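*Asks:* Structure: structure_24.cif, mmCIF, C-alpha atoms and all ligand atoms.
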data_input
#
loop_
_atom_site.label_atom_id
_atom_site.label_comp_id
_atom_site.auth_asym_id
_atom_site.auth_seq_id
_atom_site.Cartn_x
_atom_site.Cartn_y
_atom_site.Cartn_z
CA MET A 1379 -44.64 1.06 -36.30
CA THR A 1380 -46.09 -2.01 -34.56
CA PHE A 1381 -43.44 -4.18 -36.21
CA LEU A 1382 -40.72 -1.83 -34.95
CA ARG A 1383 -42.07 -2.08 -31.37
CA PHE A 1384 -42.07 -5.90 -31.55
CA PHE A 1385 -38.55 -5.88 -33.01
CA CYS A 1386 -37.21 -3.69 -30.19
CA PHE A 1387 -38.98 -5.81 -27.58
CA PHE A 1388 -37.49 -8.98 -29.07
CA CYS A 1389 -33.97 -7.44 -29.02
CA LEU A 1390 -34.31 -6.45 -25.35
CA ILE A 1391 -35.53 -9.93 -24.36
CA SER A 1392 -32.65 -11.52 -26.30
CA LEU A 1393 -30.11 -9.31 -24.59
CA ALA A 1394 -31.53 -10.11 -21.17
CA PHE A 1395 -31.30 -13.87 -21.72
CA ALA A 1396 -27.86 -13.59 -23.31
CA HIS A 1397 -26.69 -11.86 -20.14
CA GLU A 1398 -28.12 -14.65 -17.97
CA ALA A 1399 -26.20 -17.23 -20.04
CA PHE A 1400 -22.83 -15.75 -19.02
CA ASP A 1401 -21.02 -17.20 -16.03
CA SER A 1402 -20.17 -13.90 -14.37
CA HIS A 1403 -17.70 -15.66 -12.06
CA LEU A 1404 -15.45 -16.26 -15.05
CA LEU A 1405 -15.40 -12.65 -16.13
CA LEU A 1406 -12.78 -10.16 -15.07
CA LYS A 1407 -14.47 -7.91 -12.54
CA PRO A 1408 -13.17 -4.36 -12.36
CA LEU A 1409 -12.94 -2.82 -8.93
CA VAL A 1410 -16.13 -0.81 -8.95
CA LEU A 1411 -18.21 -0.48 -5.81
CA GLU A 1412 -21.76 0.72 -6.19
CA VAL A 1413 -22.60 3.18 -3.46
CA PRO A 1414 -26.37 3.49 -2.92
CA GLU A 1415 -27.75 6.99 -3.33
CA SER A 1416 -30.02 6.65 -0.33
CA GLY A 1417 -30.26 4.63 2.84
CA GLU A 1418 -27.82 4.22 5.69
CA ASN A 1419 -24.85 3.57 3.37
CA GLN A 1420 -25.20 6.99 1.79
CA LEU A 1421 -21.97 9.00 1.86
CA LYS A 1422 -22.19 11.60 4.57
CA GLU A 1423 -20.56 14.97 4.75
CA VAL A 1424 -17.35 14.60 6.76
CA ASP A 1425 -16.83 17.55 9.10
CA GLY A 1426 -13.94 19.75 7.99
CA GLU A 1427 -11.96 19.40 11.21
CA ILE A 1428 -12.46 15.61 11.26
CA ARG A 1429 -11.41 15.39 7.60
CA LEU A 1430 -8.26 17.39 8.38
CA ARG A 1431 -7.37 15.11 11.29
CA CYS A 1432 -8.12 11.94 9.32
CA ASP A 1433 -6.04 13.25 6.40
CA SER A 1434 -3.14 13.75 8.81
CA TRP A 1435 -3.69 10.31 10.31
CA ARG A 1436 -3.69 8.67 6.85
CA PHE A 1437 -0.54 10.51 5.80
CA ASN A 1438 1.28 9.18 8.87
CA VAL A 1439 -0.09 5.68 8.24
CA GLU A 1440 1.32 5.67 4.71
CA ALA A 1441 4.62 7.15 5.88
CA ASN A 1442 4.88 4.28 8.42
CA ASN A 1443 5.09 6.69 11.32
CA LEU A 1444 2.14 5.10 13.16
CA ASN A 1445 3.74 1.76 13.76
CA PRO A 1446 1.94 -0.37 14.83
CA TRP A 1447 -1.75 0.53 14.76
CA ARG A 1448 -4.69 -1.84 15.29
CA THR A 1449 -7.84 -0.20 13.95
CA ILE A 1450 -8.65 3.04 12.23
CA PRO A 1451 -9.77 5.89 14.55
CA LYS A 1452 -13.52 5.57 15.14
CA ASN A 1453 -14.24 9.06 13.86
CA CYS A 1454 -12.36 8.29 10.62
CA THR A 1455 -14.64 5.42 9.51
CA GLU A 1456 -16.69 7.59 7.15
CA TYR A 1457 -13.51 9.28 5.91
CA VAL A 1458 -11.82 5.94 5.10
CA LYS A 1459 -15.01 4.70 3.44
CA GLN A 1460 -15.09 7.73 1.18
CA TYR A 1461 -11.38 7.43 0.43
CA VAL A 1462 -11.33 3.74 -0.53
CA THR A 1463 -14.53 3.95 -2.57
CA GLY A 1464 -13.59 7.23 -4.21
CA ARG A 1465 -11.25 8.59 -6.85
CA ALA A 1466 -8.32 9.44 -4.57
CA TYR A 1467 -7.57 5.79 -3.82
CA GLN A 1468 -7.78 4.86 -7.50
CA LEU A 1469 -5.53 7.75 -8.52
CA GLU A 1470 -2.93 6.88 -5.89
CA LEU A 1471 -2.91 3.23 -6.98
CA LYS A 1472 -2.52 4.38 -10.56
CA ILE A 1473 0.42 6.67 -9.83
CA ALA A 1474 2.21 3.95 -7.84
CA SER A 1475 1.81 1.43 -10.67
CA ASN A 1476 2.74 3.96 -13.35
CA GLU A 1477 5.96 4.85 -11.53
CA ALA A 1478 6.76 1.17 -11.05
CA GLY A 1479 6.29 0.67 -14.79
CA ILE A 1480 8.59 3.61 -15.61
CA PHE A 1481 11.27 2.15 -13.34
CA ALA A 1482 10.81 -1.36 -14.77
CA LYS A 1483 11.30 -0.08 -18.31
CA SER A 1484 14.52 1.64 -17.26
CA VAL A 1485 16.08 -1.63 -16.05
CA LYS A 1486 18.37 -3.52 -18.40
CA LEU A 1487 17.45 -7.12 -17.74
CA VAL A 1488 20.16 -9.76 -17.85
CA GLY A 1489 17.78 -12.03 -19.72
CA ASP A 1490 18.63 -15.26 -17.95
CA GLY A 1491 15.19 -15.57 -16.35
CA LYS A 1492 16.47 -14.47 -12.94
CA ASP A 1493 15.18 -10.89 -12.91
CA VAL A 1494 12.26 -10.90 -10.48
CA TRP A 1495 9.43 -8.60 -9.52
CA ILE A 1496 7.61 -9.51 -6.32
CA PHE A 1497 3.95 -8.78 -5.70
CA ASP A 1498 2.02 -9.11 -2.49
CA ILE A 1499 -1.59 -10.27 -3.05
CA ASP A 1500 -4.13 -8.74 -0.64
CA GLU A 1501 -4.76 -5.05 -1.35
CA THR A 1502 -1.97 -5.26 -3.95
CA LEU A 1503 -3.21 -7.56 -6.72
CA LEU A 1504 -6.60 -8.44 -5.26
CA SER A 1505 -8.96 -6.10 -3.46
CA ASN A 1506 -10.79 -7.24 -0.35
CA LEU A 1507 -12.87 -4.09 -0.37
CA PRO A 1508 -16.14 -6.06 -0.73
CA TYR A 1509 -15.23 -7.78 2.56
CA TYR A 1510 -14.20 -4.59 4.35
CA THR A 1511 -17.34 -2.83 3.14
CA GLU A 1512 -19.18 -5.31 5.36
CA HIS A 1513 -16.69 -4.90 8.22
CA GLY A 1514 -16.45 -1.20 8.89
CA TYR A 1515 -13.55 -0.36 6.54
CA GLY A 1516 -11.01 -1.35 9.19
CA SER A 1517 -12.84 0.11 12.18
CA GLU A 1518 -13.57 -3.40 13.49
CA GLY A 1519 -10.88 -5.71 14.84
CA PHE A 1520 -9.64 -8.38 12.44
CA LYS A 1521 -11.86 -11.50 12.45
CA ALA A 1522 -9.71 -14.33 11.11
CA ASP A 1523 -12.52 -16.87 10.62
CA GLU A 1524 -14.73 -14.45 8.71
CA PHE A 1525 -11.86 -13.24 6.56
CA ASP A 1526 -10.80 -16.82 5.80
CA SER A 1527 -14.36 -17.60 4.66
CA TRP A 1528 -14.19 -14.60 2.33
CA VAL A 1529 -10.83 -15.76 0.92
CA GLN A 1530 -12.23 -19.24 0.27
CA MET A 1531 -14.97 -17.70 -1.87
CA GLY A 1532 -12.24 -16.57 -4.28
CA THR A 1533 -14.19 -13.61 -5.58
CA ALA A 1534 -11.90 -10.68 -4.76
CA PRO A 1535 -11.67 -8.32 -7.75
CA ALA A 1536 -8.41 -7.25 -9.35
CA ILE A 1537 -6.82 -3.95 -8.50
CA GLN A 1538 -6.75 -2.69 -12.07
CA PRO A 1539 -3.56 -0.54 -11.99
CA SER A 1540 -1.71 -3.52 -10.50
CA LEU A 1541 -3.08 -5.81 -13.19
CA GLU A 1542 -1.82 -3.42 -15.87
CA LEU A 1543 1.62 -3.28 -14.25
CA TYR A 1544 1.65 -7.06 -13.89
CA LYS A 1545 1.04 -7.55 -17.61
CA GLU A 1546 3.61 -4.89 -18.52
CA LEU A 1547 6.28 -6.59 -16.39
CA LEU A 1548 5.63 -9.94 -18.06
CA ASP A 1549 5.91 -8.28 -21.47
CA LEU A 1550 9.23 -6.74 -20.42
CA GLY A 1551 10.59 -10.15 -19.48
CA PHE A 1552 10.42 -10.09 -15.69
CA LYS A 1553 9.73 -13.21 -13.68
CA VAL A 1554 6.80 -12.51 -11.38
CA VAL A 1555 6.75 -14.00 -7.90
CA LEU A 1556 3.72 -13.73 -5.64
CA LEU A 1557 4.66 -13.61 -1.97
CA THR A 1558 1.67 -13.57 0.36
CA GLY A 1559 0.86 -13.94 4.03
CA ARG A 1560 -1.97 -16.27 3.07
CA SER A 1561 -1.53 -19.92 4.08
CA GLU A 1562 -0.86 -23.05 2.03
CA TYR A 1563 -4.39 -24.35 2.63
CA GLN A 1564 -5.64 -21.29 0.74
CA ARG A 1565 -3.56 -22.05 -2.36
CA GLU A 1566 -6.38 -23.44 -4.49
CA ALA A 1567 -8.86 -20.64 -3.70
CA THR A 1568 -6.14 -18.04 -4.16
CA THR A 1569 -4.98 -19.49 -7.47
CA GLN A 1570 -8.51 -19.60 -8.88
CA ASN A 1571 -9.23 -16.09 -7.65
CA LEU A 1572 -6.07 -14.74 -9.29
CA ILE A 1573 -6.82 -16.43 -12.59
CA ASN A 1574 -10.45 -15.28 -12.58
CA ALA A 1575 -9.26 -11.73 -11.89
CA GLY A 1576 -6.89 -11.83 -14.88
CA PHE A 1577 -3.53 -12.72 -13.31
CA ASN A 1578 -1.62 -15.46 -15.08
CA ASP A 1579 1.91 -16.69 -15.69
CA TRP A 1580 3.52 -16.19 -12.31
CA ASP A 1581 6.79 -17.99 -11.73
CA ARG A 1582 5.90 -19.04 -8.19
CA LEU A 1583 3.21 -18.44 -5.60
CA ILE A 1584 4.68 -18.49 -2.09
CA LEU A 1585 2.29 -18.96 0.85
CA ARG A 1586 2.96 -19.51 4.55
CA ARG A 1587 3.79 -23.10 5.38
CA ASP A 1588 3.22 -24.56 8.86
CA ASP A 1589 6.69 -23.50 10.02
CA ASP A 1590 6.08 -19.93 8.83
CA HIS A 1591 3.07 -19.39 11.10
CA GLY A 1592 3.73 -17.09 14.02
CA LYS A 1593 6.50 -15.21 12.24
CA PRO A 1594 6.00 -11.47 11.74
CA ALA A 1595 5.32 -10.74 8.09
CA VAL A 1596 8.50 -8.73 7.74
CA LEU A 1597 10.59 -11.72 8.88
CA TYR A 1598 8.66 -14.32 6.85
CA LYS A 1599 8.89 -12.26 3.66
CA SER A 1600 12.56 -11.41 4.22
CA GLU A 1601 13.34 -15.13 4.59
CA LYS A 1602 11.55 -15.98 1.36
CA ARG A 1603 13.35 -13.21 -0.53
CA SER A 1604 16.66 -14.40 0.90
CA GLU A 1605 15.92 -17.95 -0.33
CA MET A 1606 15.26 -16.55 -3.81
CA GLU A 1607 18.51 -14.61 -3.78
CA ASN A 1608 20.36 -17.75 -2.74
CA GLU A 1609 18.87 -19.42 -5.83
CA GLY A 1610 20.43 -16.69 -7.95
CA PHE A 1611 17.38 -14.48 -8.49
CA ARG A 1612 17.81 -10.71 -8.63
CA ILE A 1613 14.92 -8.93 -6.91
CA ILE A 1614 14.47 -5.83 -9.01
CA GLY A 1615 11.09 -4.55 -7.82
CA ASN A 1616 8.54 -5.19 -5.11
CA SER A 1617 4.94 -3.97 -4.86
CA GLY A 1618 2.95 -4.20 -1.63
CA ASP A 1619 0.37 -2.38 0.46
CA GLN A 1620 2.24 -2.99 3.76
CA TRP A 1621 5.68 -1.80 4.74
CA SER A 1622 6.26 -5.35 6.01
CA ASP A 1623 6.01 -6.45 2.35
CA LEU A 1624 8.91 -4.19 1.45
CA LEU A 1625 11.25 -3.78 4.44
CA GLY A 1626 13.59 -6.22 6.19
CA THR A 1627 16.43 -7.98 4.41
CA SER A 1628 17.06 -8.99 0.80
CA ILE A 1629 14.99 -6.00 -0.25
CA SER A 1630 14.37 -5.06 -3.85
CA ILE A 1631 16.21 -2.35 -5.77
CA ARG A 1632 12.97 -0.32 -5.82
CA SER A 1633 9.92 -0.82 -3.64
CA PHE A 1634 6.45 0.54 -4.39
CA LYS A 1635 4.08 1.09 -1.48
CA LEU A 1636 0.40 0.97 -2.36
CA PRO A 1637 -2.08 2.83 -0.16
CA ASN A 1638 -4.03 0.97 2.51
CA PRO A 1639 -5.63 2.87 5.39
CA MET A 1640 -7.80 -0.08 6.48
CA TYR A 1641 -5.34 -2.32 8.32
CA TYR A 1642 -1.74 -2.71 9.39
CA ILE A 1643 0.41 -5.87 9.33
CA SER A 1644 3.78 -5.91 11.10
MG MG B 1 -1.28 -6.96 1.29
#
Kindly transcribe the structure held in the file into structure tokens.
*Replies:*
Amino acid sequence: MTFLRFFCFFCLISLAFAHEAFDSHLLLKPLVLEVPESGENQLKEVDGEIRLRCDSWRFNVEANNLNPWRTIPKNCTEYVKQYVTGRAYQLELKIASNEAGIFAKSVKLVGDGKDVWIFDIDETLLSNLPYYTEHGYGSEGFKADEFDSWVQMGTAPAIQPSLELYKELLDLGFKVVLLTGRSEYQREATTQNLINAGFNDWDRLILRRDDDHGKPAVLYKSEKRSEMENEGFRIIGNSGDQWSDLLGTSISIRSFKLPNPMYYIS
């Protein structure tokens, strides 16, 4: 019996040190937020009437009827927190990616390497939820310096349904293009973050150059899609969390809008 106790103790110690030896930064981190069971971060009961109104607000956000909006309504902060950290957000992401995959499989690719699927990055491939958890889930105004510091850390986790779609598209033979509102100076941090989160093998990563700054996202992204079309690419699909990722000119055959009730980009 004593030997068994020592053996178990030895196994536990070994496991603990084995865990320490891993470089967790290199591991794919699933999007799982731990919500404390007590303390001020505890999920609160959202009043029925407030929930109803915030539901209606979120529906109109996703339908692009509230255009533009700057911050989430103050009394919807707890509602948005519960949504983005709960199952509804994950299910909606999953349905959007599943439907994109069904469409992708239905497309007969030409096979000349010119069939393209475009992905946005923030809140599409990578989740900035750890950042927004510290910034009121969109109830605070956007703080560019603080967000840039977060981006430079390169630790945003993958949005898992998007990662699954991404891999499926590559297997089907699509060229993947990443078109982001991030800037050229963020290329290295963004590239490392994407790779650490499990994204590989993109055809090109397009970031804002100096002459793109100041352009609305819808114009900047339309211009980049137009340039791709002029090179002979066929834009089959496009996945993004903002309507400005998907609308404008040179749009894809099918667009897939991912949910995002935390911020709006025109
Ligand atoms: Mg985005």
*Asks:* To one decimal place, how far is CA of Lys1472 in chain A from CA of Leu1597 in chain A in Å?
*Replies:*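 Those two atoms sit 28.4 Å apart.
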*Asks:* Please find the residues contacting ligand MG 1 (chain B) at a distance of at most 8 Å between atoms, with all atoms listed in the file counted, and report them as an NGL selection string.
*Replies:* :A and (1498-1502 or 1558-1559 or 1618-1620 or 1623)
*Asks:* Just checking: using only C-alpha atoms, which residue out of A:Asp1526, A:Met1640, A:Asp1579, A:Phe1437 ends up closest to Thr1463 in chain A?
*Replies:* A:Met1640
*Asks:* Nearest residue to Gly1532 in chain A out of A:Val1554, A:Leu1636, A:Ala1575, A:Val1494, using only C-alpha atoms?
*Replies:*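 Of A:Val1554, A:Leu1636, A:Ala1575, A:Val1494, the one nearest Gly1532 in chain A, counting only C-alpha atoms, is A:Ala1575.
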*Asks:* So that I can check the surroundings of Gly1479 in chain A, please list as a PyMOL selection string every protein, DNA and RNA residue that reaches within 12 Å of it, counting all atoms listed in the file and ignoring chain neighbours fewer than 3 positions away.
*Replies:* chain A and resi 1472-1476+1482-1485+1495+1539-1550+1552+1614-1617+1632-1634
*Asks:* With distances taken over all atoms listed in the file, which residue among A:Ala1534, A:Leu1583, A:Ile1573, A:Ile1450 lies nearest Arg1436 in chain A?
*Replies:*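 Nearest to Arg1436 in chain A: A:Ile1450.
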*Asks:* What is the distance between CA of Asp1589 in chain A and CA of Tyr1641 in chain A, in Å to one decimal?
*Replies:*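 So the answer is 24.4 Å.
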*Asks:* At most 7 Å from (-10.7, 0.6, 11.3), file frame, all atoms listed in the file: which residues, as a list in words?
*Replies:* Thr1449, Ile1450, Pro1451, Lys1452, Thr1455, Gly1514, Tyr1515, Gly1516, Ser1517, Glu1518, Met1640 and Tyr1641 of chain A
*Asks:* Since the input is missing atoms, can you rebuild N, CA and C atoms for range 1579-1610 of chain A and write them as a PDB file, in the coordinates of the input?
*Replies:*
ATOM      1  N   ASP A1579       0.497 -16.589 -15.338  1.00  0.00           N
ATOM      2  CA  ASP A1579       1.910 -16.690 -15.690  1.00  0.00           C
ATOM      3  C   ASP A1579       2.887 -16.272 -14.598  1.00  0.00           C
ATOM      4  N   TRP A1580       2.516 -16.459 -13.339  1.00  0.00           N
ATOM      5  CA  TRP A1580       3.520 -16.190 -12.310  1.00  0.00           C
ATOM      6  C   TRP A1580       4.522 -17.331 -12.254  1.00  0.00           C
ATOM      7  N   ASP A1581       5.743 -16.989 -11.806  1.00  0.00           N
ATOM      8  CA  ASP A1581       6.790 -17.990 -11.730  1.00  0.00           C
ATOM      9  C   ASP A1581       6.609 -18.873 -10.500  1.00  0.00           C
ATOM     10  N   ARG A1582       6.246 -18.258  -9.380  1.00  0.00           N
ATOM     11  CA  ARG A1582       5.900 -19.040  -8.190  1.00  0.00           C
ATOM     12  C   ARG A1582       4.952 -18.256  -7.290  1.00  0.00           C
ATOM     13  N   LEU A1583       4.150 -19.008  -6.572  1.00  0.00           N
ATOM     14  CA  LEU A1583       3.210 -18.440  -5.600  1.00  0.00           C
ATOM     15  C   LEU A1583       3.620 -18.980  -4.234  1.00  0.00           C
ATOM     16  N   ILE A1584       4.137 -18.077  -3.390  1.00  0.00           N
ATOM     17  CA  ILE A1584       4.680 -18.490  -2.090  1.00  0.00           C
ATOM     18  C   ILE A1584       3.664 -18.129  -0.997  1.00  0.00           C
ATOM     19  N   LEU A1585       3.225 -19.155  -0.268  1.00  0.00           N
ATOM     20  CA  LEU A1585       2.290 -18.960   0.850  1.00  0.00           C
ATOM     21  C   LEU A1585       2.949 -19.469   2.125  1.00  0.00           C
ATOM     22  N   ARG A1586       2.395 -19.064   3.260  1.00  0.00           N
ATOM     23  CA  ARG A1586       2.960 -19.510   4.550  1.00  0.00           C
ATOM     24  C   ARG A1586       2.757 -21.014   4.725  1.00  0.00           C
ATOM     25  N   ARG A1587       3.871 -21.696   5.001  1.00  0.00           N
ATOM     26  CA  ARG A1587       3.790 -23.100   5.380  1.00  0.00           C
ATOM     27  C   ARG A1587       3.625 -23.176   6.890  1.00  0.00           C
ATOM     28  N   ASP A1588       3.444 -24.408   7.412  1.00  0.00           N
ATOM     29  CA  ASP A1588       3.220 -24.560   8.860  1.00  0.00           C
ATOM     30  C   ASP A1588       4.325 -23.888   9.665  1.00  0.00           C
ATOM     31  N   ASP A1589       5.586 -24.050   9.216  1.00  0.00           N
ATOM     32  CA  ASP A1589       6.690 -23.500  10.020  1.00  0.00           C
ATOM     33  C   ASP A1589       6.861 -21.982   9.825  1.00  0.00           C
ATOM     34  N   ASP A1590       6.040 -21.387   8.985  1.00  0.00           N
ATOM     35  CA  ASP A1590       6.080 -19.930   8.830  1.00  0.00           C
ATOM     36  C   ASP A1590       5.072 -19.234   9.749  1.00  0.00           C
ATOM     37  N   HIS A1591       4.111 -20.008  10.266  1.00  0.00           N
ATOM     38  CA  HIS A1591       3.070 -19.390  11.100  1.00  0.00           C
ATOM     39  C   HIS A1591       3.680 -18.872  12.397  1.00  0.00           C
ATOM     40  N   GLY A1592       3.219 -17.711  12.792  1.00  0.00           N
ATOM     41  CA  GLY A1592       3.730 -17.090  14.020  1.00  0.00           C
ATOM     42  C   GLY A1592       4.865 -16.118  13.759  1.00  0.00           C
ATOM     43  N   LYS A1593       5.436 -16.161  12.560  1.00  0.00           N
ATOM     44  CA  LYS A1593       6.500 -15.210  12.240  1.00  0.00           C
ATOM     45  C   LYS A1593       5.882 -13.870  11.839  1.00  0.00           C
ATOM     46  N   PRO A1594       6.466 -12.758  12.280  1.00  0.00           N
ATOM     47  CA  PRO A1594       6.000 -11.470  11.740  1.00  0.00           C
ATOM     48  C   PRO A1594       6.176 -11.462  10.226  1.00  0.00           C
ATOM     49  N   ALA A1595       5.283 -10.753   9.556  1.00  0.00           N
ATOM     50  CA  ALA A1595       5.320 -10.740   8.090  1.00  0.00           C
ATOM     51  C   ALA A1595       6.670 -10.264   7.564  1.00  0.00           C
ATOM     52  N   VAL A1596       7.239  -9.279   8.234  1.00  0.00           N
ATOM     53  CA  VAL A1596       8.500  -8.730   7.740  1.00  0.00           C
ATOM     54  C   VAL A1596       9.618  -9.776   7.775  1.00  0.00           C
ATOM     55  N   LEU A1597       9.589 -10.664   8.781  1.00  0.00           N
ATOM     56  CA  LEU A1597      10.590 -11.720   8.880  1.00  0.00           C
ATOM     57  C   LEU A1597      10.311 -12.822   7.850  1.00  0.00           C
ATOM     58  N   TYR A1598       9.056 -13.270   7.801  1.00  0.00           N
ATOM     59  CA  TYR A1598       8.660 -14.320   6.850  1.00  0.00           C
ATOM     60  C   TYR A1598       8.999 -13.909   5.419  1.00  0.00           C
ATOM     61  N   LYS A1599       8.665 -12.685   5.052  1.00  0.00           N
ATOM     62  CA  LYS A1599       8.890 -12.260   3.660  1.00  0.00           C
ATOM     63  C   LYS A1599      10.384 -12.042   3.394  1.00  0.00           C
ATOM     64  N   SER A1600      11.112 -11.567   4.391  1.00  0.00           N
ATOM     65  CA  SER A1600      12.560 -11.410   4.220  1.00  0.00           C
ATOM     66  C   SER A1600      13.213 -12.776   3.987  1.00  0.00           C
ATOM     67  N   GLU A1601      12.784 -13.778   4.747  1.00  0.00           N
ATOM     68  CA  GLU A1601      13.340 -15.130   4.590  1.00  0.00           C
ATOM     69  C   GLU A1601      13.085 -15.673   3.184  1.00  0.00           C
ATOM     70  N   LYS A1602      11.882 -15.453   2.689  1.00  0.00           N
ATOM     71  CA  LYS A1602      11.550 -15.980   1.360  1.00  0.00           C
ATOM     72  C   LYS A1602      12.346 -15.247   0.272  1.00  0.00           C
ATOM     73  N   ARG A1603      12.539 -13.950   0.447  1.00  0.00           N
ATOM     74  CA  ARG A1603      13.350 -13.210  -0.530  1.00  0.00           C
ATOM     75  C   ARG A1603      14.794 -13.677  -0.472  1.00  0.00           C
ATOM     76  N   SER A1604      15.279 -13.927   0.745  1.00  0.00           N
ATOM     77  CA  SER A1604      16.660 -14.400   0.900  1.00  0.00           C
ATOM     78  C   SER A1604      16.843 -15.754   0.196  1.00  0.00           C
ATOM     79  N   GLU A1605      15.837 -16.636   0.343  1.00  0.00           N
ATOM     80  CA  GLU A1605      15.920 -17.950  -0.330  1.00  0.00           C
ATOM     81  C   GLU A1605      15.990 -17.762  -1.852  1.00  0.00           C
ATOM     82  N   MET A1606      15.223 -16.805  -2.353  1.00  0.00           N
ATOM     83  CA  MET A1606      15.260 -16.550  -3.810  1.00  0.00           C
ATOM     84  C   MET A1606      16.626 -16.037  -4.238  1.00  0.00           C
ATOM     85  N   GLU A1607      17.175 -15.135  -3.446  1.00  0.00           N
ATOM     86  CA  GLU A1607      18.510 -14.610  -3.780  1.00  0.00           C
ATOM     87  C   GLU A1607      19.552 -15.728  -3.773  1.00  0.00           C
ATOM     88  N   ASN A1608      19.422 -16.636  -2.808  1.00  0.00           N
ATOM     89  CA  ASN A1608      20.360 -17.750  -2.740  1.00  0.00           C
ATOM     90  C   ASN A1608      20.238 -18.681  -3.952  1.00  0.00           C
ATOM     91  N   GLU A1609      19.065 -18.643  -4.599  1.00  0.00           N
ATOM     92  CA  GLU A1609      18.870 -19.420  -5.830  1.00  0.00           C
ATOM     93  C   GLU A1609      19.382 -18.666  -7.056  1.00  0.00           C
ATOM     94  N   GLY A1610      19.864 -17.448  -6.834  1.00  0.00           N
ATOM     95  CA  GLY A1610      20.430 -16.690  -7.950  1.00  0.00           C
ATOM     96  C   GLY A1610      19.507 -15.651  -8.558  1.00  0.00           C
TER      97      GLY A1610
END
